[in-house]
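So this block is coords_33.cif, mmCIF, C-alpha atoms:
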data_start
#
loop_
_atom_site.label_atom_id
_atom_site.label_comp_id
_atom_site.auth_asym_id
_atom_site.auth_seq_id
_atom_site.Cartn_x
_atom_site.Cartn_y
_atom_site.Cartn_z
CA MET G 1 49.52 122.59 -170.98
CA PHE G 2 49.97 125.77 -168.95
CA LEU G 3 52.58 126.88 -166.45
CA ASP G 4 51.17 127.11 -162.93
CA ILE G 5 52.63 129.07 -160.01
CA GLN G 6 53.81 125.99 -158.11
CA LEU G 7 55.74 124.63 -161.07
CA ALA G 8 57.17 128.09 -161.84
CA GLN G 9 58.43 128.34 -158.25
CA GLN G 10 60.19 124.98 -158.63
CA ILE G 11 61.99 126.34 -161.69
CA VAL G 12 63.06 129.47 -159.80
CA ASP G 13 64.24 127.56 -156.72
CA ARG G 14 66.19 124.91 -158.62
CA THR G 15 67.81 127.14 -161.22
CA MET G 16 68.83 129.77 -158.65
CA ALA G 17 70.49 126.96 -156.71
CA ILE G 18 72.65 126.35 -159.82
CA ILE G 19 73.54 129.95 -160.75
CA ASP G 20 74.03 132.96 -158.51
CA THR G 21 71.61 135.37 -160.16
CA ASN G 22 67.89 136.14 -160.13
CA ILE G 23 65.45 134.08 -162.18
CA ASN G 24 61.98 135.17 -163.30
CA VAL G 25 59.35 132.88 -164.77
CA MET G 26 56.59 134.41 -166.88
CA ASN G 27 53.43 132.80 -168.23
CA GLU G 28 52.38 132.77 -171.89
CA ARG G 29 51.05 136.36 -171.50
CA GLY G 30 54.32 137.74 -170.17
CA ILE G 31 53.16 138.13 -166.55
CA ILE G 32 55.75 137.28 -163.87
CA ILE G 33 54.31 134.35 -161.86
CA SER G 34 57.43 133.44 -159.89
CA SER G 35 60.68 135.26 -159.15
CA GLY G 36 63.70 135.38 -156.88
CA GLU G 37 62.48 138.95 -156.26
CA PRO G 38 58.93 138.30 -154.96
CA GLU G 39 57.91 141.97 -155.22
CA ARG G 40 57.98 141.63 -159.03
CA ILE G 41 55.35 138.85 -159.10
CA GLY G 42 52.22 139.97 -160.99
CA GLN G 43 54.04 142.56 -163.12
CA ILE G 44 54.08 142.44 -166.91
CA HIS G 45 57.59 141.77 -168.22
CA ASP G 46 58.20 143.58 -171.53
CA GLY G 47 61.25 141.43 -172.28
CA ALA G 48 59.10 138.31 -172.07
CA LEU G 49 56.48 139.90 -174.33
CA LEU G 50 59.18 140.63 -176.93
CA ALA G 51 60.42 137.03 -176.79
CA ILE G 52 56.83 135.78 -177.25
CA GLN G 53 56.18 138.16 -180.17
CA HIS G 54 59.45 137.31 -181.95
CA GLY G 55 59.25 133.60 -181.11
CA ASP G 56 62.88 133.57 -180.04
CA THR G 57 65.34 134.41 -177.27
CA VAL G 58 65.57 138.12 -176.44
CA GLU G 59 68.57 139.76 -174.76
CA ILE G 60 68.07 143.00 -172.83
CA THR G 61 71.09 145.23 -172.24
CA GLU G 62 71.41 148.19 -169.89
CA GLN G 63 70.92 150.48 -172.89
CA SER G 64 67.93 148.72 -174.48
CA ARG G 65 66.05 148.35 -171.21
CA GLN G 66 65.51 152.13 -171.04
CA SER G 67 62.65 151.87 -173.56
CA LEU G 68 60.97 148.92 -171.80
CA LYS G 69 58.87 148.59 -168.65
CA GLY G 70 59.31 146.13 -165.80
CA VAL G 71 62.64 144.74 -167.00
CA LYS G 72 66.27 144.61 -165.98
CA PRO G 73 69.22 143.60 -168.13
CA GLY G 74 69.09 139.89 -168.84
CA ILE G 75 68.19 137.10 -171.25
CA ASN G 76 64.63 135.83 -171.84
CA LEU G 77 64.18 132.34 -173.26
CA LEU G 78 61.01 130.67 -174.46
CA LEU G 79 59.77 127.58 -172.60
CA LYS G 80 58.03 125.02 -174.78
CA HIS G 81 56.41 121.64 -174.38
CA ASN G 82 55.72 119.59 -177.52
CA GLU G 83 56.50 122.72 -179.55
CA GLN G 84 53.77 124.63 -177.71
CA LEU G 85 54.74 127.88 -175.97
CA ILE G 86 53.96 127.68 -172.26
CA GLY G 87 56.00 130.54 -170.82
CA VAL G 88 59.30 132.41 -170.61
CA VAL G 89 62.25 132.11 -168.23
CA GLY G 90 64.32 135.23 -167.63
CA ILE G 91 67.87 135.42 -166.24
CA THR G 92 68.80 138.75 -164.67
CA GLY G 93 72.27 140.14 -165.48
CA GLU G 94 74.37 141.60 -168.26
CA PRO G 95 73.91 139.33 -171.29
CA ASP G 96 77.66 139.01 -171.90
CA SER G 97 78.17 137.76 -168.34
CA ILE G 98 75.32 135.27 -168.19
CA ARG G 99 75.03 134.06 -171.81
CA HIS G 100 76.88 130.80 -171.00
CA PHE G 101 74.17 130.03 -168.39
CA ALA G 102 71.23 130.64 -170.71
CA GLN G 103 70.88 127.21 -172.36
CA LEU G 104 71.59 125.48 -169.05
CA VAL G 105 68.72 127.37 -167.39
CA LYS G 106 66.39 126.69 -170.34
CA MET G 107 67.24 122.98 -170.37
CA THR G 108 66.87 122.67 -166.58
CA SER G 109 63.50 124.48 -166.70
CA GLU G 110 62.12 122.26 -169.46
CA MET G 111 63.37 119.13 -167.67
CA ILE G 112 61.54 120.24 -164.51
CA ILE G 113 58.37 120.78 -166.59
CA GLU G 114 58.76 117.38 -168.30
CA ARG G 115 59.29 115.62 -164.98
CA SER G 116 56.28 117.35 -163.45
CA LEU G 117 54.09 116.29 -166.39
CA LEU G 118 55.35 112.71 -166.14
CA ILE G 119 54.54 112.58 -162.40
CA GLU G 120 51.12 114.08 -163.09
CA GLN G 121 50.48 111.48 -165.81
CA LEU G 122 51.56 108.63 -163.53
CA GLN G 123 49.29 109.93 -160.77
CA TRP G 124 46.45 110.28 -163.26
CA ASP G 125 47.00 106.70 -164.48
CA LYS G 126 47.13 105.47 -160.89
CA ARG G 127 43.82 107.18 -160.07
CA HIS G 128 42.23 105.57 -163.13
CA ILE G 129 43.52 102.14 -162.10
CA GLU G 130 42.18 102.61 -158.56
CA GLU G 131 38.78 103.67 -159.92
CA PHE G 132 38.77 100.65 -162.23
CA LEU G 133 39.71 98.20 -159.46
CA SER G 134 37.06 99.64 -157.16
CA SER G 135 34.38 99.31 -159.87
CA TRP G 136 35.57 95.79 -160.73
CA VAL G 137 35.56 94.33 -157.21
CA ASN G 138 32.26 96.04 -156.32
CA ASP G 139 30.64 94.45 -159.39
CA GLU G 140 29.67 97.79 -160.96
CA LEU G 141 30.73 96.94 -164.55
CA THR G 142 29.13 94.93 -167.32
CA GLU G 143 31.32 92.31 -168.96
CA GLN G 144 31.83 94.61 -171.97
CA GLU G 145 32.74 97.60 -169.76
CA LEU G 146 35.15 95.43 -167.79
CA GLU G 147 36.96 94.25 -170.93
CA SER G 148 37.02 97.71 -172.52
CA TRP G 149 38.31 99.57 -169.46
CA ALA G 150 40.93 96.91 -168.73
CA GLN G 151 42.18 97.08 -172.32
CA ARG G 152 42.58 100.88 -172.13
CA LEU G 153 44.61 100.51 -168.92
CA SER G 154 46.64 97.54 -170.29
CA ILE G 155 45.43 95.27 -167.47
CA ASP G 156 45.06 91.53 -168.11
CA ILE G 157 41.88 90.71 -166.20
CA HIS G 158 42.10 87.05 -167.22
CA GLN G 159 45.29 86.42 -165.28
CA PRO G 160 44.32 84.36 -162.20
CA ARG G 161 44.24 86.62 -159.13
CA VAL G 162 43.05 86.48 -155.55
CA ALA G 163 41.97 89.40 -153.35
CA VAL G 164 44.01 90.42 -150.32
CA LEU G 165 42.93 93.16 -147.90
CA ILE G 166 45.43 95.00 -145.72
CA GLU G 167 44.07 97.13 -142.88
CA LEU G 168 46.19 99.39 -140.69
CA SER G 169 45.34 99.92 -137.05
CA ASN G 170 44.40 103.43 -135.96
CA ASP G 171 47.44 105.70 -135.81
CA SER G 172 47.92 109.42 -136.19
CA PRO G 173 46.83 110.59 -139.69
CA ASN G 174 50.41 111.42 -140.72
CA THR G 175 51.78 108.07 -139.54
CA GLN G 176 48.94 106.21 -141.24
CA MET G 177 49.46 108.05 -144.54
CA ASN G 178 53.21 107.32 -144.45
CA HIS G 179 52.59 103.65 -143.72
CA ILE G 180 49.99 103.42 -146.51
CA ARG G 181 52.52 104.93 -148.94
CA GLN G 182 55.28 102.54 -147.82
CA ILE G 183 53.02 99.50 -148.18
CA VAL G 184 51.76 100.55 -151.61
CA GLU G 185 55.34 101.13 -152.81
CA SER G 186 56.33 97.65 -151.59
CA LEU G 187 53.34 96.06 -153.31
CA GLU G 188 53.69 97.95 -156.60
CA TYR G 189 57.20 96.66 -157.30
CA PRO G 190 56.92 95.79 -161.06
CA LYS G 191 58.08 92.17 -160.82
CA ARG G 192 55.29 91.38 -158.38
CA ASN G 193 52.62 92.26 -160.96
CA ASN G 194 50.12 93.19 -158.24
CA LEU G 195 47.10 95.41 -158.85
CA VAL G 196 46.89 97.78 -155.89
CA ALA G 197 44.28 100.33 -154.77
CA VAL G 198 43.75 102.29 -151.58
CA VAL G 199 40.05 101.58 -150.93
CA ALA G 200 39.66 103.36 -147.56
CA MET G 201 41.66 105.66 -145.31
CA ASN G 202 43.24 102.62 -143.63
CA GLN G 203 42.67 99.82 -146.18
CA ILE G 204 44.63 98.64 -149.21
CA LEU G 205 43.25 96.17 -151.74
CA VAL G 206 45.68 93.90 -153.59
CA LEU G 207 44.61 91.69 -156.48
CA LYS G 208 47.50 89.28 -156.31
CA PRO G 209 48.54 86.90 -159.11
CA CYS G 210 48.18 83.23 -158.14
CA LYS G 211 48.83 79.88 -159.79
CA PRO G 212 45.75 77.65 -159.70
CA GLN G 213 45.97 74.03 -160.81
CA GLU G 214 42.83 72.21 -161.97
CA ASP G 215 40.53 74.82 -160.40
CA ARG G 216 42.45 74.68 -157.14
CA TRP G 217 45.15 76.96 -155.88
CA ASP G 218 47.98 76.76 -153.41
CA HIS G 219 46.78 78.96 -150.56
CA GLN G 220 49.77 77.92 -148.47
CA ARG G 221 52.10 79.38 -151.09
CA GLU G 222 50.21 82.68 -150.94
CA SER G 223 50.26 82.53 -147.15
CA CYS G 224 54.07 82.31 -147.28
CA HIS G 225 54.14 85.35 -149.58
CA ILE G 226 52.09 87.27 -147.01
CA ASP G 227 54.57 86.24 -144.31
CA GLN G 228 57.39 87.63 -146.45
CA LEU G 229 55.50 90.91 -146.89
CA LEU G 230 54.83 91.16 -143.14
CA ASN G 231 58.52 90.57 -142.39
CA HIS G 232 59.50 93.22 -144.93
CA LEU G 233 57.05 95.74 -143.44
CA ALA G 234 58.21 94.93 -139.91
CA GLU G 235 61.76 95.85 -140.97
CA GLN G 236 60.33 99.26 -141.98
CA GLY G 237 58.69 99.67 -138.57
CA ILE G 238 55.15 98.78 -139.70
CA HIS G 239 53.67 96.29 -137.23
CA ARG G 240 50.09 97.31 -136.44
CA LEU G 241 48.08 95.84 -139.29
CA HIS G 242 45.85 92.93 -140.30
CA VAL G 243 46.06 91.02 -143.61
CA ALA G 244 43.20 88.89 -144.97
CA LEU G 245 43.56 86.46 -147.87
CA GLY G 246 40.30 85.73 -149.69
CA GLU G 247 39.22 82.77 -151.82
CA TYR G 248 40.29 82.28 -155.44
CA PHE G 249 37.59 82.30 -158.15
CA PRO G 250 38.51 81.41 -161.75
CA SER G 251 36.50 84.02 -163.70
CA ALA G 252 37.25 87.75 -164.00
CA LYS G 253 33.55 88.44 -163.38
CA GLN G 254 33.87 86.53 -160.10
CA MET G 255 36.56 88.83 -158.71
CA PRO G 256 33.90 90.60 -156.57
CA LEU G 257 33.40 87.24 -154.78
CA SER G 258 37.10 87.04 -153.96
CA PHE G 259 36.92 90.62 -152.63
CA GLN G 260 33.82 89.83 -150.56
CA SER G 261 35.48 86.74 -149.10
CA ALA G 262 38.58 88.78 -148.11
CA LYS G 263 36.33 91.39 -146.42
CA GLN G 264 34.50 88.71 -144.44
CA VAL G 265 37.74 86.97 -143.47
CA LEU G 266 39.10 90.30 -142.20
CA GLN G 267 35.94 91.12 -140.24
CA LEU G 268 35.66 87.70 -138.61
CA GLY G 269 39.39 87.41 -138.01
CA LYS G 270 39.57 90.73 -136.17
CA HIS G 271 36.58 89.73 -134.03
CA HIS G 272 37.62 86.20 -133.09
CA LEU G 273 41.43 86.53 -133.21
CA PRO G 274 42.22 90.25 -132.71
CA SER G 275 45.83 89.62 -131.65
CA GLN G 276 46.57 87.73 -134.87
CA THR G 277 47.98 89.56 -137.92
CA LYS G 278 47.19 87.19 -140.80
CA TYR G 279 43.82 85.62 -141.60
CA LEU G 280 43.24 83.04 -144.35
CA TYR G 281 39.97 82.07 -146.00
CA GLU G 282 41.07 78.43 -145.95
CA GLU G 283 41.34 78.51 -142.15
CA MET G 284 38.08 80.43 -141.65
CA ARG G 285 36.07 78.84 -144.43
CA MET G 286 33.17 77.61 -142.30
CA ALA G 287 32.81 80.88 -140.37
CA VAL G 288 32.81 82.87 -143.63
CA LEU G 289 30.29 80.62 -145.37
CA LEU G 290 27.97 80.69 -142.38
CA SER G 291 28.25 84.45 -141.73
CA PRO G 292 25.37 85.47 -144.07
CA LEU G 293 23.01 83.51 -141.79
CA LYS G 294 23.15 86.22 -139.14
CA GLU G 295 21.32 88.61 -141.49
CA HIS G 296 18.23 86.37 -141.52
CA TRP G 297 15.71 85.09 -138.99
CA GLN G 298 17.31 81.64 -139.01
CA GLY G 299 20.53 83.18 -137.75
CA ALA G 300 18.67 85.00 -134.99
CA GLN G 301 17.12 81.69 -133.91
CA LEU G 302 20.51 79.99 -133.82
CA SER G 303 22.09 82.87 -131.89
CA THR G 304 19.45 82.84 -129.15
CA ALA G 305 20.98 79.78 -127.48
CA LEU G 306 24.46 81.28 -127.36
CA THR G 307 23.14 84.63 -126.09
CA LYS G 308 21.50 82.81 -123.17
CA LEU G 309 24.71 80.90 -122.46
CA LYS G 310 26.78 84.11 -122.37
CA GLN G 311 24.30 85.68 -119.94
CA HIS G 312 24.59 82.77 -117.47
CA ASP G 313 28.30 82.07 -118.00
CA ARG G 314 29.83 85.01 -116.10
CA SER G 315 33.30 83.44 -115.82
CA GLY G 316 33.39 82.24 -119.45
CA GLN G 317 34.12 78.69 -118.26
CA LEU G 318 31.23 77.06 -120.12
CA LEU G 319 32.03 78.84 -123.39
CA LYS G 320 35.68 77.84 -123.11
CA THR G 321 34.63 74.24 -122.54
CA LEU G 322 32.29 74.32 -125.53
CA HIS G 323 34.99 75.72 -127.83
CA ARG G 324 37.46 73.08 -126.61
CA LEU G 325 34.88 70.39 -127.37
CA PHE G 326 34.61 71.73 -130.94
CA GLU G 327 38.41 71.63 -131.28
CA HIS G 328 38.42 67.96 -130.28
CA GLN G 329 35.46 67.13 -132.53
CA GLY G 330 33.23 66.00 -129.67
CA ASN G 331 35.77 63.60 -128.14
CA LEU G 332 35.11 63.84 -124.40
CA THR G 333 38.36 62.25 -123.25
CA GLU G 334 40.59 64.52 -125.35
CA CYS G 335 38.52 67.56 -124.39
CA ALA G 336 38.76 66.78 -120.65
CA ASN G 337 42.51 66.16 -120.89
CA SER G 338 43.07 69.46 -122.70
CA LEU G 339 41.19 71.29 -119.92
CA TYR G 340 42.98 69.29 -117.17
CA ILE G 341 39.65 68.23 -115.68
CA HIS G 342 37.97 64.89 -114.88
CA ARG G 343 35.47 63.49 -117.38
CA ASN G 344 32.74 63.80 -114.76
CA THR G 345 33.52 67.52 -114.41
CA LEU G 346 33.27 67.85 -118.18
CA ARG G 347 29.92 66.03 -118.20
CA TYR G 348 28.66 68.36 -115.47
CA ARG G 349 29.60 71.42 -117.56
CA LEU G 350 27.99 69.98 -120.70
CA ASN G 351 24.81 69.22 -118.76
CA LYS G 352 24.83 72.81 -117.53
CA ILE G 353 25.13 74.04 -121.14
CA GLU G 354 22.17 71.87 -122.15
CA GLN G 355 20.13 73.14 -119.20
CA ILE G 356 20.72 76.79 -120.20
CA THR G 357 20.40 76.48 -123.99
CA GLN G 358 17.93 73.60 -124.26
CA ILE G 359 20.34 72.12 -126.83
CA SER G 360 22.34 69.00 -126.01
CA PRO G 361 26.10 69.07 -126.76
CA HIS G 362 26.11 65.30 -126.08
CA ASN G 363 24.69 64.45 -129.53
CA PHE G 364 25.86 65.31 -133.03
CA ASN G 365 22.92 67.54 -134.06
CA GLY G 366 23.10 69.57 -130.88
CA LEU G 367 26.85 70.00 -131.14
CA VAL G 368 26.57 71.17 -134.77
CA GLU G 369 23.81 73.64 -133.87
CA LEU G 370 25.90 75.11 -131.05
CA TYR G 371 28.94 75.27 -133.35
CA ILE G 372 27.03 77.23 -135.99
CA ALA G 373 25.66 79.56 -133.32
CA CYS G 374 29.22 80.25 -132.13
CA GLN G 375 30.36 81.00 -135.68
CA ILE G 376 27.68 83.58 -136.44
CA THR G 377 27.33 85.25 -133.03
CA HIS G 378 29.56 88.21 -132.19
#
Show the structure stored in the file as structure tokens.
Amino acid sequence: MFLDIQLAQQIVDRTMAIIDTNINVMNERGIIISSGEPERIGQIHDGALLAIQHGDTVEITEQSRQSLKGVKPGINLLLKHNEQLIGVVGITGEPDSIRHFAQLVKMTSEMIIERSLLIEQLQWDKRHIEEFLSSWVNDELTEQELESWAQRLSIDIHQPRVAVLIELSNDSPNTQMNHIRQIVESLEYPKRNNLVAVVAMNQILVLKPCKPQEDRWDHQRESCHIDQLLNHLAEQGIHRLHVALGEYFPSAKQMPLSFQSAKQVLQLGKHHLPSQTKYLYEEMRMAVLLSPLKEHWQGAQLSTALTKLKQHDRSGQLLKTLHRLFEHQGNLTECANSLYIHRNTLRYRLNKIEQITQISPHNFNGLVELYIACQITH
């Protein structure tokens, strides 16, 4: 442990706010690193050197200062952490006048140092947890490494959890950073037992405890929890965000799958329902499961039909009709009623779709093929 300039300046600022006299802070070599008299910074303080040599408090009077360099009358007290000398704090003034302040200044200084070290340790622990979570969900750890690292961080990786991704919309950097901090603070409340990591400039990963029963879990319960979080954030003025709830997987080694599912839910949700805030795997299951198809030639084949339809359907009327047919599971009467059109008009539109795509929405196989194409085509 060593005393840096920033921490020394905190000691000067806070102690001078308590007592009306100058404060100097010296490092373990007796060099002034912070002072209420900035022109003295960088000078060697003989009074501090004496305190370091004697291992005790040194008082400098007007008379004794004549034989020393770079000092004024005052009291110099050793600063220690875990019995290790880290510096000296000096109070300027006649010792008889300021002696009653000495222990107060020393105690305040060491409390500031202790608090700074605690904050640093908490930040260090938080960085380690974020690194661990990132490695865990990206499947970068062996089973042994996963167990070992989790044990060192006191994390129970066997507690059932599900991945949630929170993404903020583009704001100014300062606003975004403040919102990220507010969200993380809300999520890290101890009773919630969440594992939280900032995984991108605008994304927060939450590994949220859940309660599965017989290899199933209550996604509606978790959806309600997300609603509560969104309401809480809205009260703090945070509105522009998207939240994606992934699928639950029972094994700790399968957590990367939960993370991948949350990422795909977020991506597809933003594309298909950009005005919506919350996306659930359970509601987008088919789209998520089919999405890998678009990376292969089979997906390209399926997408060709929909690409042709989009090119010919300038008004979007045919696509709207097709999506409404999916919603009503191929029932022509219900579909026509929902569009406020005659069944013959609906048949005309479906015939037009078949003419363009060479796939018939009138039969089950054709309807399924068009549905899959819609799910994997952006």
How would you write, as a PDB file with C-alpha atoms, in the coordinates of the input, the residues chosen by the PyMOL selection byres ((chain G and resi 338) around 12) on this structure?
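Printed below is selection_26.pdb as written:
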ATOM      1  CA  LYS G 320      35.680  77.840-123.110  1.00  0.00           C
ATOM      2  CA  THR G 321      34.630  74.240-122.540  1.00  0.00           C
ATOM      3  CA  HIS G 323      34.990  75.720-127.830  1.00  0.00           C
ATOM      4  CA  ARG G 324      37.460  73.080-126.610  1.00  0.00           C
ATOM      5  CA  LEU G 325      34.880  70.390-127.370  1.00  0.00           C
ATOM      6  CA  GLU G 327      38.410  71.630-131.280  1.00  0.00           C
ATOM      7  CA  HIS G 328      38.420  67.960-130.280  1.00  0.00           C
ATOM      8  CA  ASN G 331      35.770  63.600-128.140  1.00  0.00           C
ATOM      9  CA  LEU G 332      35.110  63.840-124.400  1.00  0.00           C
ATOM     10  CA  THR G 333      38.360  62.250-123.250  1.00  0.00           C
ATOM     11  CA  GLU G 334      40.590  64.520-125.350  1.00  0.00           C
ATOM     12  CA  CYS G 335      38.520  67.560-124.390  1.00  0.00           C
ATOM     13  CA  ALA G 336      38.760  66.780-120.650  1.00  0.00           C
ATOM     14  CA  ASN G 337      42.510  66.160-120.890  1.00  0.00           C
ATOM     15  CA  LEU G 339      41.190  71.290-119.920  1.00  0.00           C
ATOM     16  CA  TYR G 340      42.980  69.290-117.170  1.00  0.00           C
ATOM     17  CA  ILE G 341      39.650  68.230-115.680  1.00  0.00           C
ATOM     18  CA  HIS G 342      37.970  64.890-114.880  1.00  0.00           C
ATOM     19  CA  ARG G 343      35.470  63.490-117.380  1.00  0.00           C
ATOM     20  CA  LEU G 346      33.270  67.850-118.180  1.00  0.00           C
TER      21      LEU G 346
END
Quick one: apply the PyMOL selection byres ((chain G and resi 139-142) around 12) to the file and drop the selected residues here as a count of residues only.
-> 25
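Going from atom CA of Asn194 of chain G over to atom CA of Lys208 of chain G, you cover 5.1 Å.
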Tell me, in Å to one decimal, how far atom CA of Leu309 of chain G is from atom CA of Val368 of chain G.
-> 15.8 Å
Just the residues within 12 Å of Phe364 of chain G, please, counting only C-alpha atoms, with nothing from its chain fewer than 4 positions along; format it as a VMD selection string.
-> chain G and resid 325 to 326 329 to 331 359 to 360 368 to 371
Atom-to-atom span, atom CA of Gly90 of chain G and atom CA of Ala8 of chain G, Å |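 Going from atom CA of Gly90 of chain G over to atom CA of Ala8 of chain G covers 11.6 Å.
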Which is closer to Glu62 of chain G than all the others in G:Glu94, G:Gln123, G:Gln6, G:Gln84, using only C-alpha atoms?
-> G:Glu94
At most 9 Å from (45.5, 96.7, -143.9), file frame, only C-alpha atoms: which residues, as a ChimeraX atom specification?
-> /G:165-169,180,202-205,240-244
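Nearest residue to Glu185 of chain G, choosing from G:His232, G:Ala200, G:Pro209, G:Ser116 and counting only C-alpha atoms: G:His232.
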Can you list, as an MDAnalysis selection string, every protein, DNA or RNA residue that comes within 9 Å of Cys210 of chain G when you count all atoms listed in the file, leaving out same-chain residues fewer than 5 positions away?
-> chainID G and resid 159:162 217:219 221:222 248
In terms of the shortest atom-to-atom distance over only C-alpha atoms, which of G:Ile5, G:Ile376, G:Met107, G:Val164 is closest to Gln298 of chain G?
-> G:Ile376
With a distance cut-off of 12 Å and all atoms listed in the file, select the neighbouring residues of Ser64 of chain G, excluding the residue or stretch itself and same-chain residues fewer than 3 positions from it, and output the selection as an NGL selection string.
-> :G and (46-47 or 58-61 or 67-69 or 71-74 or 94-95)
For Gln301 of chain G, work out the shell of residues within 12 Å, counting only C-alpha atoms and skipping chain neighbours fewer than 6 positions away, then give it as a PyMOL selection string.
-> chain G and resi 293-295+307-308+357+369-370+372-373+376-377
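In terms of minimum interatomic distance to Ala197 of chain G, G:Ile129 ranks closest within G:Leu268, G:Ile155, G:Ile129, G:Met26, counting all atoms listed in the file.
Compared by their closest atoms to Met16 of chain G, and using only C-alpha atoms, the residues G:Glu83, G:Ile33, G:Val105, G:Leu273 rank with G:Val105 nearest.
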Proximity to Thr108 of chain G - best of G:Lys211, G:Arg14, G:His225, G:His296, only C-alpha atoms |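 Closest residue, counting only C-alpha atoms: G:Arg14.
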Shell around Glu37 of chain G at 12 Å using only C-alpha atoms, local window under 3 positions removed, as a list in words = Gln9, Val12, Asp13, Met16, Thr21, Asn22, Ile23, Asn24, Val25, Ile32, Ile33, Ser34, Arg40, Ile41, Gly42, Gln43, Lys72, Ile91 and Thr92 of chain G
Check what the PyMOL selection byres ((chain G and resi 77) around 10) selects in the file above and give those residues as a list in words.
->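 Applied to this file, the PyMOL selection byres ((chain G and resi 77) around 10) returns Val25, Gly47, Ala48, Ala51, Ile52, Gly55, Asp56, Thr57, Val58, Glu59, Ile75, Asn76, Leu78, Leu79, Lys80, Gly87, Val88, Val89, Gly90, Ile91, Ala102, Gln103, Val105 and Lys106 of chain G.
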